$ cat entry_33.pdb   # PDB, C-alpha atoms
ATOM      1  CA  MET H1497      93.906 165.212 134.729
ATOM      2  CA  ARG H1498      96.727 164.106 132.488
ATOM      3  CA  ILE H1499      98.093 160.605 132.160
ATOM      4  CA  GLN H1500     100.277 158.726 129.710
ATOM      5  CA  LEU H1501      98.179 155.975 128.134
ATOM      6  CA  ASN H1502      99.922 153.538 125.782
ATOM      7  CA  GLY H1503     102.660 156.077 125.195
ATOM      8  CA  ILE H1504     100.282 158.923 124.370
ATOM      9  CA  GLU H1505      99.428 161.823 126.686
ATOM     10  CA  GLU H1506      95.702 161.855 127.416
ATOM     11  CA  THR H1507      93.443 164.158 129.427
ATOM     12  CA  ILE H1508      90.904 162.134 131.389
ATOM     13  CA  PRO H1509      88.215 162.962 133.985
ATOM     14  CA  LYS H1510      89.355 163.184 137.613
ATOM     15  CA  GLU H1511      88.899 160.455 140.227
ATOM     16  CA  MET H1512      88.846 157.501 137.897
ATOM     17  CA  THR H1513      89.432 153.867 138.748
ATOM     18  CA  ILE H1514      91.168 151.470 136.393
ATOM     19  CA  LYS H1515      87.743 150.040 135.564
ATOM     20  CA  ALA H1516      86.426 153.496 134.685
ATOM     21  CA  LEU H1517      89.496 154.193 132.574
ATOM     22  CA  ILE H1518      88.960 150.948 130.660
ATOM     23  CA  GLU H1519      85.392 152.037 129.948
ATOM     24  CA  TRP H1520      86.515 155.578 129.046
ATOM     25  CA  ALA H1521      89.037 154.178 126.576
ATOM     26  CA  LYS H1522      86.360 151.809 125.178
ATOM     27  CA  GLU H1523      88.605 148.785 125.707
ATOM     28  CA  GLY H1524      86.469 145.699 125.109
ATOM     29  CA  ASP H1525      89.074 142.924 125.330
ATOM     30  CA  PRO H1526      88.107 140.557 128.195
ATOM     31  CA  HIS H1527      91.753 139.394 128.422
ATOM     32  CA  LEU H1528      93.141 142.921 128.777
ATOM     33  CA  ILE H1529      96.385 143.269 130.765
ATOM     34  CA  VAL H1530      96.804 146.565 132.644
ATOM     35  CA  GLU H1531     100.119 147.969 133.766
ATOM     36  CA  GLN H1532     100.220 151.080 135.951
ATOM     37  CA  ASN H1533     103.570 152.798 136.518
ATOM     38  CA  GLY H1534     105.441 149.615 135.673
ATOM     39  CA  LYS H1535     103.308 147.397 137.888
ATOM     40  CA  TYR H1536     100.878 144.715 136.744
ATOM     41  CA  ILE H1537      97.344 145.273 138.069
ATOM     42  CA  TYR H1538      95.176 142.227 138.830
ATOM     43  CA  PRO H1539      91.758 142.255 137.122
ATOM     44  CA  SER H1540      90.132 141.813 140.546
ATOM     45  CA  ALA H1541      91.588 145.202 141.562
ATOM     46  CA  TYR H1542      90.221 147.205 138.607
ATOM     47  CA  ASP H1543      87.074 148.236 140.510
ATOM     48  CA  ASN H1544      88.781 150.087 143.318
ATOM     49  CA  HIS H1545      92.252 150.860 141.998
ATOM     50  CA  PRO H1546      92.579 154.638 141.475
ATOM     51  CA  VAL H1547      94.276 156.406 138.570
ATOM     52  CA  PHE H1548      96.455 159.375 139.562
ATOM     53  CA  GLU H1549      97.716 162.472 137.766
ATOM     54  CA  ASN H1550     100.842 161.722 135.674
ATOM     55  CA  ASP H1551     100.328 157.952 135.848
ATOM     56  CA  THR H1552     101.824 155.912 133.037
ATOM     57  CA  ILE H1553      99.348 153.245 132.044
ATOM     58  CA  GLU H1554      99.629 150.538 129.415
ATOM     59  CA  PHE H1555      96.654 148.606 128.106
ATOM     60  CA  ILE H1556      97.958 145.380 126.607
ATOM     61  CA  ASN H1557      95.801 143.057 124.568
ATOM     62  CA  PRO H1558      97.141 139.514 124.973
ATOM     63  CA  ASN H1559      97.974 137.785 121.747
ATOM     64  CA  LEU H1560      96.781 134.208 121.588
ATOM     65  CA  GLY H1561      97.597 133.392 117.984
ATOM     66  CA  GLY H1562     100.485 131.241 116.941
TER
ATOM     67  CA  MET T1434     133.186 118.768 119.115
ATOM     68  CA  ASP T1435     131.123 119.090 115.961
ATOM     69  CA  GLU T1436     132.318 122.016 113.831
ATOM     70  CA  ARG T1437     128.718 123.006 113.173
ATOM     71  CA  TYR T1438     128.478 124.450 116.705
ATOM     72  CA  VAL T1439     131.789 126.299 116.806
ATOM     73  CA  ARG T1440     130.253 129.767 116.481
ATOM     74  CA  GLN T1441     128.276 129.200 119.683
ATOM     75  CA  THR T1442     130.786 127.116 121.625
ATOM     76  CA  ILE T1443     133.356 129.917 121.346
ATOM     77  CA  LEU T1444     130.975 131.985 123.451
ATOM     78  CA  PRO T1445     132.161 131.762 127.070
ATOM     79  CA  GLU T1446     128.537 131.454 128.244
ATOM     80  CA  ILE T1447     128.190 128.202 126.297
ATOM     81  CA  GLY T1448     131.527 126.525 125.611
ATOM     82  CA  PRO T1449     131.906 122.762 125.042
ATOM     83  CA  GLN T1450     130.215 122.000 128.364
ATOM     84  CA  GLY T1451     127.174 124.046 127.421
ATOM     85  CA  GLN T1452     126.970 122.306 124.073
ATOM     86  CA  GLU T1453     127.079 118.968 125.847
ATOM     87  CA  ARG T1454     124.239 120.157 128.054
ATOM     88  CA  LEU T1455     122.176 121.120 124.995
ATOM     89  CA  ALA T1456     122.869 117.702 123.457
ATOM     90  CA  HIS T1457     121.317 116.040 126.496
ATOM     91  CA  ALA T1458     118.276 118.333 126.664
ATOM     92  CA  GLY T1459     114.726 117.355 125.756
ATOM     93  CA  VAL T1460     112.243 120.009 124.587
ATOM     94  CA  LEU T1461     108.587 119.802 123.620
ATOM     95  CA  ILE T1462     107.377 122.238 120.968
ATOM     96  CA  ALA T1463     103.601 122.413 121.152
ATOM     97  CA  GLY T1464     102.568 123.234 117.600
ATOM     98  CA  THR T1465     104.423 123.664 114.318
ATOM     99  CA  GLY T1466     102.646 126.780 113.094
ATOM    100  CA  GLY T1467     104.035 130.303 112.876
ATOM    101  CA  LEU T1468     105.788 130.083 116.250
ATOM    102  CA  GLY T1469     106.802 126.419 116.264
ATOM    103  CA  SER T1470     108.162 126.659 112.721
ATOM    104  CA  VAL T1471     110.870 129.031 113.802
ATOM    105  CA  THR T1472     111.644 127.726 117.298
ATOM    106  CA  ALA T1473     111.980 124.210 115.871
ATOM    107  CA  LEU T1474     114.551 125.349 113.323
ATOM    108  CA  TYR T1475     116.607 127.408 115.780
ATOM    109  CA  LEU T1476     116.562 124.733 118.482
ATOM    110  CA  ALA T1477     117.433 122.009 115.988
ATOM    111  CA  ALA T1478     120.271 124.143 114.623
ATOM    112  CA  ALA T1479     121.519 124.818 118.164
ATOM    113  CA  GLY T1480     121.845 121.087 118.800
ATOM    114  CA  ILE T1481     119.090 120.341 121.303
ATOM    115  CA  GLY T1482     119.465 116.575 121.674
ATOM    116  CA  HIS T1483     115.802 115.605 121.509
ATOM    117  CA  ILE T1484     112.971 117.750 120.181
ATOM    118  CA  LYS T1485     109.434 116.474 120.362
ATOM    119  CA  ILE T1486     107.074 118.324 118.009
ATOM    120  CA  VAL T1487     103.339 117.949 118.457
ATOM    121  CA  ASP T1488     100.631 119.116 116.065
ATOM    122  CA  HIS T1489      97.385 117.590 114.789
ATOM    123  CA  ASP T1490      97.031 119.725 111.659
ATOM    124  CA  SER T1491      97.853 119.162 108.029
ATOM    125  CA  LEU T1492      99.587 121.801 105.938
ATOM    126  CA  GLU T1493      97.342 124.263 104.083
ATOM    127  CA  PRO T1494      98.262 126.945 101.549
ATOM    128  CA  SER T1495      97.222 129.715 103.979
ATOM    129  CA  ASN T1496      99.945 128.517 106.419
ATOM    130  CA  LEU T1497     102.801 129.287 104.068
ATOM    131  CA  ASN T1498     102.991 133.086 104.606
ATOM    132  CA  ARG T1499     104.559 132.491 108.022
ATOM    133  CA  GLN T1500     105.154 128.804 108.772
ATOM    134  CA  ILE T1501     108.550 128.757 107.144
ATOM    135  CA  ILE T1502     109.634 125.296 108.242
ATOM    136  CA  HIS T1503     107.162 123.853 105.735
ATOM    137  CA  SER T1504     107.204 123.920 101.971
ATOM    138  CA  GLU T1505     104.688 123.649  99.175
ATOM    139  CA  ALA T1506     105.679 120.046  98.444
ATOM    140  CA  PHE T1507     104.141 119.033 101.790
ATOM    141  CA  LEU T1508     100.692 120.579 101.244
ATOM    142  CA  GLY T1509      98.038 118.255 102.619
ATOM    143  CA  GLN T1510     100.511 116.271 104.686
ATOM    144  CA  PRO T1511     100.797 116.313 108.491
ATOM    145  CA  LYS T1512     102.712 119.369 109.658
ATOM    146  CA  VAL T1513     104.791 117.305 112.084
ATOM    147  CA  ILE T1514     106.085 115.161 109.201
ATOM    148  CA  SER T1515     106.961 118.226 107.149
ATOM    149  CA  ALA T1516     108.644 119.901 110.141
ATOM    150  CA  ALA T1517     110.591 116.792 111.173
ATOM    151  CA  ASP T1518     111.841 116.343 107.612
ATOM    152  CA  ARG T1519     113.206 119.919 107.537
ATOM    153  CA  MET T1520     114.710 119.692 111.034
ATOM    154  CA  LYS T1521     116.529 116.465 110.220
ATOM    155  CA  ALA T1522     117.790 117.986 106.974
ATOM    156  CA  LEU T1523     119.125 120.958 108.942
ATOM    157  CA  ASN T1524     120.687 118.872 111.703
ATOM    158  CA  PRO T1525     120.804 115.081 111.321
ATOM    159  CA  THR T1526     122.725 114.718 114.591
ATOM    160  CA  ILE T1527     119.691 115.409 116.794
ATOM    161  CA  ARG T1528     116.650 113.272 117.550
ATOM    162  CA  VAL T1529     113.281 114.576 116.391
ATOM    163  CA  THR T1530     110.056 112.915 117.475
ATOM    164  CA  PRO T1531     106.994 114.005 115.490
ATOM    165  CA  VAL T1532     103.689 113.339 117.246
ATOM    166  CA  ARG T1533     100.511 113.936 115.285
ATOM    167  CA  THR T1534      97.879 114.560 117.901
ATOM    168  CA  ARG T1535      95.863 117.360 119.475
ATOM    169  CA  ILE T1536      97.300 118.299 122.874
ATOM    170  CA  THR T1537      94.777 117.685 125.642
ATOM    171  CA  SER T1538      94.774 117.296 129.391
ATOM    172  CA  ALA T1539      94.450 113.530 128.778
ATOM    173  CA  ASN T1540      97.675 113.107 126.785
ATOM    174  CA  ILE T1541      99.965 115.922 127.918
ATOM    175  CA  ASP T1542     101.565 114.012 130.804
ATOM    176  CA  ALA T1543     102.686 111.207 128.472
ATOM    177  CA  LEU T1544     103.914 113.735 125.910
ATOM    178  CA  LEU T1545     106.162 115.310 128.539
ATOM    179  CA  ASP T1546     108.133 112.116 129.159
ATOM    180  CA  GLY T1547     111.815 113.035 128.754
ATOM    181  CA  VAL T1548     111.033 116.740 128.361
ATOM    182  CA  GLU T1549     112.528 119.535 130.486
ATOM    183  CA  ILE T1550     111.057 122.622 128.824
ATOM    184  CA  ILE T1551     107.699 123.280 127.179
ATOM    185  CA  VAL T1552     107.795 125.697 124.247
ATOM    186  CA  ASP T1553     104.457 127.211 123.324
ATOM    187  CA  GLY T1554     103.658 127.080 119.632
ATOM    188  CA  SER T1555      99.911 126.847 120.052
ATOM    189  CA  ASP T1556      97.291 129.211 118.706
ATOM    190  CA  ASN T1557      94.556 129.173 121.319
ATOM    191  CA  TYR T1558      93.862 129.733 125.004
ATOM    192  CA  GLU T1559      92.623 126.216 125.740
ATOM    193  CA  THR T1560      95.861 124.483 124.684
ATOM    194  CA  ARG T1561      97.932 127.045 126.580
ATOM    195  CA  GLN T1562      95.875 126.324 129.669
ATOM    196  CA  VAL T1563      96.678 122.599 129.296
ATOM    197  CA  LEU T1564     100.376 123.389 128.812
ATOM    198  CA  ASN T1565     100.433 125.828 131.735
ATOM    199  CA  ARG T1566      98.867 123.357 134.141
ATOM    200  CA  ALA T1567     101.202 120.573 132.997
ATOM    201  CA  SER T1568     104.111 122.971 133.502
ATOM    202  CA  LEU T1569     102.952 123.565 137.073
ATOM    203  CA  ARG T1570     102.339 119.881 137.806
ATOM    204  CA  HIS T1571     105.708 118.765 136.478
ATOM    205  CA  GLY T1572     107.710 121.822 137.544
ATOM    206  CA  LEU T1573     108.801 122.501 133.954
ATOM    207  CA  PRO T1574     109.383 125.978 132.493
ATOM    208  CA  PHE T1575     106.730 127.095 129.991
ATOM    209  CA  VAL T1576     108.074 129.475 127.355
ATOM    210  CA  TYR T1577     104.993 131.348 126.165
ATOM    211  CA  ALA T1578     104.529 133.451 123.062
ATOM    212  CA  GLY T1579     101.461 134.773 121.322
ATOM    213  CA  VAL T1580     101.057 136.707 118.101
ATOM    214  CA  ARG T1581      98.383 138.671 116.282
ATOM    215  CA  GLY T1582      98.588 140.952 113.290
ATOM    216  CA  PHE T1583     101.932 142.745 113.531
ATOM    217  CA  ASP T1584     102.279 142.177 117.280
ATOM    218  CA  ALA T1585     103.908 139.639 119.566
ATOM    219  CA  MET T1586     104.379 138.927 123.264
ATOM    220  CA  ILE T1587     106.733 136.573 125.049
ATOM    221  CA  SER T1588     107.354 135.458 128.634
ATOM    222  CA  SER T1589     108.959 132.545 130.483
ATOM    223  CA  PHE T1590     106.763 131.070 133.194
ATOM    224  CA  VAL T1591     108.851 129.020 135.637
ATOM    225  CA  PRO T1592     106.977 127.135 138.398
ATOM    226  CA  GLY T1593     108.041 128.181 141.866
ATOM    227  CA  ARG T1594     109.837 131.280 140.595
ATOM    228  CA  THR T1595     107.314 133.293 138.617
ATOM    229  CA  ALA T1596     103.695 134.029 137.926
ATOM    230  CA  CYS T1597     102.046 131.430 135.707
ATOM    231  CA  PHE T1598     100.324 131.990 132.356
ATOM    232  CA  GLU T1599      96.887 131.965 133.975
ATOM    233  CA  CYS T1600      97.910 134.532 136.585
ATOM    234  CA  ILE T1601      98.244 136.965 133.701
ATOM    235  CA  VAL T1602      95.854 135.855 130.972
ATOM    236  CA  THR T1603      92.393 134.884 132.111
ATOM    237  CA  GLY T1604      89.301 133.921 130.182
ATOM    238  CA  GLY T1605      88.686 131.822 127.130
ATOM    239  CA  ASP T1606      89.232 131.952 123.400
ATOM    240  CA  ALA T1607      87.821 134.289 120.797
ATOM    241  CA  PRO T1608      84.567 133.080 119.217
ATOM    242  CA  VAL T1609      85.088 130.043 116.985
ATOM    243  CA  GLY T1610      85.268 130.872 113.309
ATOM    244  CA  ARG T1611      87.053 134.190 113.684
ATOM    245  CA  VAL T1612      90.306 134.089 111.732
ATOM    246  CA  SER T1613      92.778 136.803 112.677
ATOM    247  CA  GLY T1614      95.379 138.164 110.338
ATOM    248  CA  ILE T1615      99.106 137.809 110.910
ATOM    249  CA  VAL T1616     102.327 138.651 109.120
ATOM    250  CA  GLY T1617     105.199 136.175 109.173
ATOM    251  CA  PRO T1618     107.769 138.420 110.868
ATOM    252  CA  ALA T1619     105.485 138.859 113.909
ATOM    253  CA  ALA T1620     105.614 135.109 114.506
ATOM    254  CA  GLY T1621     109.304 135.056 113.618
ATOM    255  CA  MET T1622     110.192 137.726 116.194
ATOM    256  CA  ALA T1623     108.268 135.994 118.967
ATOM    257  CA  ALA T1624     109.642 132.563 118.105
ATOM    258  CA  SER T1625     113.218 133.861 118.002
ATOM    259  CA  PHE T1626     112.729 135.243 121.507
ATOM    260  CA  GLN T1627     111.358 131.847 122.582
ATOM    261  CA  ALA T1628     114.342 129.987 121.145
ATOM    262  CA  MET T1629     116.684 132.366 122.971
ATOM    263  CA  GLU T1630     114.769 131.891 126.224
ATOM    264  CA  THR T1631     114.845 128.109 125.833
ATOM    265  CA  LEU T1632     118.607 128.037 125.338
ATOM    266  CA  LYS T1633     119.132 130.358 128.339
ATOM    267  CA  LEU T1634     116.893 128.271 130.586
ATOM    268  CA  ILE T1635     118.609 125.009 129.616
ATOM    269  CA  LEU T1636     122.065 126.487 130.072
ATOM    270  CA  GLY T1637     121.208 128.547 133.166
ATOM    271  CA  ILE T1638     122.703 131.685 131.660
ATOM    272  CA  GLY T1639     121.628 135.312 131.384
ATOM    273  CA  LYS T1640     118.365 136.689 132.703
ATOM    274  CA  PRO T1641     115.348 134.852 131.319
ATOM    275  CA  LEU T1642     112.037 136.678 130.930
ATOM    276  CA  GLU T1643     110.925 135.618 134.405
ATOM    277  CA  ASN T1644     108.090 137.761 135.753
ATOM    278  CA  ARG T1645     108.536 139.928 132.691
ATOM    279  CA  MET T1646     106.629 139.950 129.438
ATOM    280  CA  VAL T1647     108.013 141.518 126.298
ATOM    281  CA  CYS T1648     105.322 143.094 124.145
ATOM    282  CA  ILE T1649     106.264 144.068 120.607
ATOM    283  CA  SER T1650     104.155 146.315 118.421
ATOM    284  CA  GLY T1651     105.556 145.635 114.975
ATOM    285  CA  LEU T1652     103.755 148.428 113.161
ATOM    286  CA  ASP T1653     105.347 151.258 115.146
ATOM    287  CA  MET T1654     108.236 149.069 116.389
ATOM    288  CA  ARG T1655     107.508 149.807 120.009
ATOM    289  CA  ILE T1656     108.937 147.247 122.433
ATOM    290  CA  HIS T1657     107.662 147.285 125.990
ATOM    291  CA  CYS T1658     108.527 145.039 128.925
ATOM    292  CA  VAL T1659     105.769 144.505 131.512
ATOM    293  CA  ASN T1660     106.707 143.474 135.043
ATOM    294  CA  LEU T1661     104.517 140.593 136.177
ATOM    295  CA  ASN T1662     103.721 139.154 139.566
ATOM    296  CA  SER T1663     101.861 136.062 140.726
ATOM    297  CA  ASN T1664      98.159 136.373 141.347
ATOM    298  CA  PRO T1665      97.334 134.868 144.756
ATOM    299  CA  GLN T1666      93.816 134.193 143.460
ATOM    300  CA  CYS T1667      95.059 132.356 140.365
ATOM    301  CA  LYS T1668      92.931 129.268 139.659
ATOM    302  CA  ALA T1669      95.974 127.375 138.348
ATOM    303  CA  CYS T1670      99.068 128.057 140.449
ATOM    304  CA  GLY T1671      97.061 129.144 143.471
ATOM    305  CA  GLN T1672      96.058 125.480 143.828
ATOM    306  CA  ILE T1673      99.565 124.070 143.917
ATOM    307  CA  SER T1674      99.642 123.980 147.685
ATOM    308  CA  ASN T1675      96.303 122.215 147.840
ATOM    309  CA  PRO T1676      96.883 118.527 147.041
ATOM    310  CA  ASP T1677      93.159 117.818 147.035
ATOM    311  CA  LYS T1678      92.667 119.841 143.879
ATOM    312  CA  ARG T1679      94.186 118.349 140.753
ATOM    313  CA  LEU T1680      95.322 121.014 138.305
TER
END

$ encode --input "entry_33.pdb" --output "structure tokens"
Amino acid sequence: MRIQLNGIEETIPKEMTIKALIEWAKEGDPHLIVEQNGKYIYPSAYDNHPVFENDTIEFINPNLGG
Amino acid sequence: MDERYVRQTILPEIGPQGQERLAHAGVLIAGTGGLGSVTALYLAAAGIGHIKIVDHDSLEPSNLNRQIIHSEAFLGQPKVISAADRMKALNPTIRVTPVRTRITSANIDALLDGVEIIVDGSDNYETRQVLNRASLRHGLPFVYAGVRGFDAMISSFVPGRTACFECIVTGGDAPVGRVSGIVGPAAGMAASFQAMETLKLILGIGKPLENRMVCISGLDMRIHCVNLNSNPQCKACGQISNPDKRL
């Protein structure tokens, strides 16, 4: 299925959770912030939160420098 | 009214009353690095009555690509002395208190005496956690920013109204010894946003970045605003209602 990931259209396997999408995208940042269709997703929800066709998802790596 | 402020007091959102409000405000800037360098200058120039700057570091040559409040003449000296000198040169009408110390959970409460807003100029998770929890304990807004490489992010965390820093960013710091790269304008963009947020919060004008986080990718100049919401399982603000647990 197709989604918009960080502004780029991607084709991903069907029936993915946010956790699976993070693994698929090889995101290794433990502080990762996930936004799905304009809504912030809690890390505790990654395991069972589904990704749907045409979702717009942003992976945001928090910046901790100053 | 001092002529130096005329270009902001002619704004109806500020006016002479707003300027008076700024003159009576107290702000803590936690760090005088890439972020604090710029917020300190803008807030001093705007006429914030009392600015407390806190940093334990001394100035090194590698700071000078982005920490524009400092200058080569101050290499080796405490950053807070260098920053205070520049702020007073820019605006001698305000009070600047330089404090050379590392911010910890043991000293933050004393540092916040007379302060109404905490401006984040730190460079690590641990200090931000101390600032966030002090913000929650004292009910003070915490204007966060973080930078890395060409990127920046900014949000205003206001106790009782928004998610807190630890609702959104969990976990610890990167492994010690890893130095990440950064360009000066990334820190400058974030710090300018912070200075704007601080003025808005003091004056009660506009729409602060409450429950919103601006994320800027400098390389492709993509600016994205994330909508945030409190995490009911947050280890920091989730404890506010439990008086038995000290933050």

$ atom_distance --input "entry_33.pdb" --atom1 "CA of Ala1624 (chain T)" --atom2 "CA of Leu1468 (chain T)"
4.9 Å

$ interface_residues --input "entry_33.pdb" --of "chain T" --to "chain H" --cutoff "7 Å" --atoms "all atoms listed in the file" --output "JSON, numbers by chain"
{"T": [1466, 1467, 1468, 1554, 1555, 1556, 1557, 1558, 1579, 1580, 1581, 1585, 1586, 1602, 1603, 1604, 1620, 1659, 1660, 1661, 1662]}

$ resolve_selection --input "entry_33.pdb" --expression "the PyMOL selection byres ((chain H and resi 1505-1514) around 7)" --output "compact mmCIF listing (two decimals) with C-alpha atoms, in the frame of the given file"
# COMPACT_ATOMS: atom_id res chain seq x y z
CA MET H 1497 93.91 165.21 134.73
CA ARG H 1498 96.73 164.11 132.49
CA ILE H 1499 98.09 160.60 132.16
CA GLN H 1500 100.28 158.73 129.71
CA LEU H 1501 98.18 155.98 128.13
CA GLY H 1503 102.66 156.08 125.20
CA ILE H 1504 100.28 158.92 124.37
CA LYS H 1515 87.74 150.04 135.56
CA ALA H 1516 86.43 153.50 134.68
CA LEU H 1517 89.50 154.19 132.57
CA ILE H 1518 88.96 150.95 130.66
CA TYR H 1542 90.22 147.21 138.61
CA ASP H 1543 87.07 148.24 140.51
CA ASN H 1544 88.78 150.09 143.32
CA HIS H 1545 92.25 150.86 142.00
CA PRO H 1546 92.58 154.64 141.48
CA VAL H 1547 94.28 156.41 138.57

$ axis_aligned_box --input "entry_33.pdb" --around "region 1527-1540 of chain H" --padding-each-side "6 Å" --output "AutoDock Vina command-line options"
--center_x 97.8 --center_y 146.1 --center_z 134.5 --size_x 27.3 --size_y 25.4 --size_z 24.1

$ resolve_selection --input "entry_33.pdb" --expression "the PyMOL selection byres ((chain T and resi 1642-1647) around 8)" --output "number ranges by chain"
T: 1586-1591, 1594-1596, 1630, 1640-1641, 1648-1649, 1656-1662

$ atom_distance --input "entry_33.pdb" --atom1 "CA of Ala1478 (chain T)" --atom2 "CA of Ile1502 (chain T)"
12.5 Å

$ atom_distance --input "entry_33.pdb" --atom1 "CA of Gly1509 (chain T)" --atom2 "CA of Gly1482 (chain T)"
28.7 Å

$ resolve_selection --input "entry_33.pdb" --expression "the PyMOL selection byres ((chain T and resi 1519-1530) around 12)" --output "short mmCIF file (atom, residue, chain, number, x, y, z; two decimals) with C-alpha atoms, in the coordinates of the input"
data_model
loop_
_atom_site.label_atom_id
_atom_site.label_comp_id
_atom_site.auth_asym_id
_atom_site.auth_seq_id
_atom_site.Cartn_x
_atom_site.Cartn_y
_atom_site.Cartn_z
CA ASP T 1435 131.12 119.09 115.96
CA ARG T 1437 128.72 123.01 113.17
CA TYR T 1438 128.48 124.45 116.70
CA LEU T 1455 122.18 121.12 125.00
CA ALA T 1456 122.87 117.70 123.46
CA HIS T 1457 121.32 116.04 126.50
CA ALA T 1458 118.28 118.33 126.66
CA GLY T 1459 114.73 117.36 125.76
CA VAL T 1460 112.24 120.01 124.59
CA LEU T 1461 108.59 119.80 123.62
CA ILE T 1462 107.38 122.24 120.97
CA THR T 1465 104.42 123.66 114.32
CA GLY T 1469 106.80 126.42 116.26
CA SER T 1470 108.16 126.66 112.72
CA VAL T 1471 110.87 129.03 113.80
CA THR T 1472 111.64 127.73 117.30
CA ALA T 1473 111.98 124.21 115.87
CA LEU T 1474 114.55 125.35 113.32
CA TYR T 1475 116.61 127.41 115.78
CA LEU T 1476 116.56 124.73 118.48
CA ALA T 1477 117.43 122.01 115.99
CA ALA T 1478 120.27 124.14 114.62
CA ALA T 1479 121.52 124.82 118.16
CA GLY T 1480 121.84 121.09 118.80
CA ILE T 1481 119.09 120.34 121.30
CA GLY T 1482 119.46 116.58 121.67
CA HIS T 1483 115.80 115.60 121.51
CA ILE T 1484 112.97 117.75 120.18
CA LYS T 1485 109.43 116.47 120.36
CA ILE T 1486 107.07 118.32 118.01
CA VAL T 1487 103.34 117.95 118.46
CA ASP T 1488 100.63 119.12 116.06
CA ILE T 1501 108.55 128.76 107.14
CA ILE T 1502 109.63 125.30 108.24
CA HIS T 1503 107.16 123.85 105.74
CA SER T 1504 107.20 123.92 101.97
CA ALA T 1506 105.68 120.05 98.44
CA PHE T 1507 104.14 119.03 101.79
CA LYS T 1512 102.71 119.37 109.66
CA VAL T 1513 104.79 117.30 112.08
CA ILE T 1514 106.08 115.16 109.20
CA SER T 1515 106.96 118.23 107.15
CA ALA T 1516 108.64 119.90 110.14
CA ALA T 1517 110.59 116.79 111.17
CA ASP T 1518 111.84 116.34 107.61
CA PRO T 1531 106.99 114.00 115.49
CA VAL T 1532 103.69 113.34 117.25
CA ARG T 1533 100.51 113.94 115.28
CA LEU T 1544 103.91 113.74 125.91
CA LEU T 1545 106.16 115.31 128.54
CA ASP T 1546 108.13 112.12 129.16
CA GLY T 1547 111.82 113.04 128.75
CA VAL T 1548 111.03 116.74 128.36
#

$ residues_around --input "entry_33.pdb" --residues "Ile1536 (chain T)" --least-positions-apart "5" --cutoff "9 Å" --atoms "all atoms listed in the file" --output "ChimeraX atom specification"
/T:1463-1464,1487-1489,1541,1544,1560,1563-1564

$ closest_residue --input "entry_33.pdb" --among "T:Leu1652, T:Leu1508, T:Val1612, T:Ala1628" --to "Ser1491 (chain T)" --atoms "all atoms listed in the file"
T:Leu1508

$ decode --input "entry_33.pdb" --residues "region 1545-1554 of chain H" --atoms "N, CA, C and O atoms" --output "short mmCIF file (atom, residue, chain, number, x, y, z; two decimals), in the first residue's frame"
data_model
loop_
_atom_site.label_atom_id
_atom_site.label_comp_id
_atom_site.auth_asym_id
_atom_site.auth_seq_id
_atom_site.Cartn_x
_atom_site.Cartn_y
_atom_site.Cartn_z
N HIS H 1545 -0.66 0.10 16.85
CA HIS H 1545 -1.29 1.18 16.08
C HIS H 1545 -1.12 0.90 14.58
O HIS H 1545 0.00 0.88 14.07
N PRO H 1546 -2.22 0.69 13.85
CA PRO H 1546 -2.09 0.32 12.43
C PRO H 1546 -1.76 1.50 11.52
O PRO H 1546 -2.10 2.64 11.81
N VAL H 1547 -1.11 1.16 10.40
CA VAL H 1547 -0.86 2.14 9.33
C VAL H 1547 -1.85 1.84 8.21
O VAL H 1547 -2.04 0.68 7.84
N PHE H 1548 -2.51 2.88 7.70
CA PHE H 1548 -3.52 2.69 6.65
C PHE H 1548 -3.06 3.28 5.32
O PHE H 1548 -2.18 4.16 5.28
N GLU H 1549 -3.68 2.78 4.25
CA GLU H 1549 -3.44 3.31 2.91
C GLU H 1549 -3.62 4.83 2.93
O GLU H 1549 -4.55 5.35 3.57
N ASN H 1550 -2.74 5.53 2.24
CA ASN H 1550 -2.79 7.00 2.09
C ASN H 1550 -2.49 7.77 3.38
O ASN H 1550 -2.70 8.98 3.42
N ASP H 1551 -2.03 7.09 4.42
CA ASP H 1551 -1.62 7.81 5.62
C ASP H 1551 -0.46 8.75 5.31
O ASP H 1551 0.37 8.46 4.45
N THR H 1552 -0.42 9.84 6.04
CA THR H 1552 0.72 10.75 5.99
C THR H 1552 1.46 10.61 7.32
O THR H 1552 0.90 10.90 8.38
N ILE H 1553 2.67 10.12 7.23
CA ILE H 1553 3.42 9.83 8.46
C ILE H 1553 4.74 10.60 8.45
O ILE H 1553 5.43 10.67 7.42
N GLU H 1554 5.06 11.19 9.58
CA GLU H 1554 6.33 11.88 9.74
C GLU H 1554 7.13 11.19 10.83
O GLU H 1554 6.62 10.97 11.93
#
